[in-house]
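Here is the structure we will look at, set down as C-alpha cells.
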Amino acid sequence: MNHKGTVVLETKRLILRRYSLDDTDDMFNNWATNENVTKFLPWTPYTSKEDLQAYISMCIESYEKPSTYNWIIEFKENRQAIGSISVTNVNEDIDEAEVGYCLGEDYWHKGIMTEAFSRVIEFLFDEVNVNKVSASHDVNNPNSGKVMKKCGLIYEGTKKQGARNNTGLCDDAIYGLVKSDYLAKREIFKNKL
C-alpha cells in the first residue's frame with residue numbers, strides 16, 4: 001500500500017476533507033447528536049460540544065499518521081459539514097481498507113453517501129493501491145447496504161452477532177470489492193462522481 005493520508009477529495013456536490021474545530025457546530029447540529037443517525041453505529045450520540053471538540057482534536061492529531069483516512073463530508077451547496085467517512089481498519093497483510101460512514105438525517109436518500117463512498121473507493125484503489133475495500137452493516141439497516149451495492153461492493157456473507165452497536169449485538173452483513181473487479185467496473189465509478 002502507498003499511504004497518502006487524508007487528502008482533500010472532491011465530487012460534483014461534495015468536498016471530502018480533514019476535520020477542523022470549526023466543524024463542531026455543524027457536526028453537533030447535523031448528525032453527531034441524532035439518535036436516528038447513530039442507532040446502528042458503535043458510538044453513542046454526543047450530548048455536549050466540549051466532548052465533540054475533544055473527539056475532533058483527537059482526529060486532527062491522528063492526521064500525523066499517513067495511514068489515517070478520516071474525512072468530513074462537506075456539502076458544497078451550503079458549505080456545511082453533513083457527515084463523515086473513514087477507513088476504520090487497515091489490514092496491511094492483504095492490502096485491505098475497511099470503510100465506515102455516517103450522514104446527517106436531512107441528507108439521507110439523495111445519493112450523497114454513494115457519491116462520497118465512490119470517490120473514496122476510487123482514491124483507495126488508484127492512489128493508495130489497496131487490493132480490497134470492504135464495509136459492513138447491521139442487517140436491520142438495509143439502506144447502508146444499498147449504498148455498498150450501488151458502489152459496486154459485493155455481498156460476501158453475514159456474521160451472526162458479529163458486531164455491536166447502539167441496538168446491542170447484531171448480525172453484520174459483510175461486503176467487499178477487490179481491485180480486479182473495481183478495474184472492470186471503473187466507468188461506473190466515474191459516472192457517480
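Ligands are numbered from 1 in the order shown, residues from 1 within each chain, and chains are lettered A, B, ... in the order they appear in the C-alpha cells.
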
How close does each residue of segment 101-163 of chain A get to segment 86-96 of chain A, giving the shortest atom pair and distance in Å to one decimal for every residue with an atom at most 9 Å away, counting only C-alpha atoms, sorted by chain and residue number, as CSV?
```
residue,atom,partner,partner_atom,distance
A:Tyr101,CA,A:Ser86,CA,6.4
A:Val120,CA,A:Ser86,CA,8.6
A:Asn129,CA,A:Asp95,CA,7.9
A:Val130,CA,A:Asp95,CA,5.0
A:Asn131,CA,A:Asp95,CA,5.2
A:Lys132,CA,A:Glu96,CA,4.6
A:Val133,CA,A:Glu96,CA,5.8
A:Ser134,CA,A:Glu96,CA,7.2
```

- Message: List the spatial neighbours of Lys146 of chain A as a PyMOL selection string - criterion: any atom at most 12 Å away, only C-alpha atoms, same-chain residues fewer than 3 positions off excluded.
- Response: chain A and resi 109+111+113-114+117+135-137+139+141-143+149-155+173+175

- Message: Measuring between only C-alpha atoms, which one of A:Asn166, A:Thr68, A:Ser62, A:Thr44 shows the shortest distance to Val7 of chain A?
- Response: A:Thr68

- Query: as a PyMOL selection string, which residues of segment 14-65 of chain A does DSSP assign to helix (DSSP H, G or I)?
  - Reply: chain A and resi 21-32+35-38+49-62

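Shortest separation to Asp171 of chain A among A:Glu10, A:Phe40, A:Ala54, A:Gly100 occurs at residue A:Phe40, atoms counted being only C-alpha atoms.
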
- Could you check which of A:Asp51, A:Asp23, A:Glu122, A:Glu105 is closest to Leu9 of chain A, using only C-alpha atoms? A:Glu122
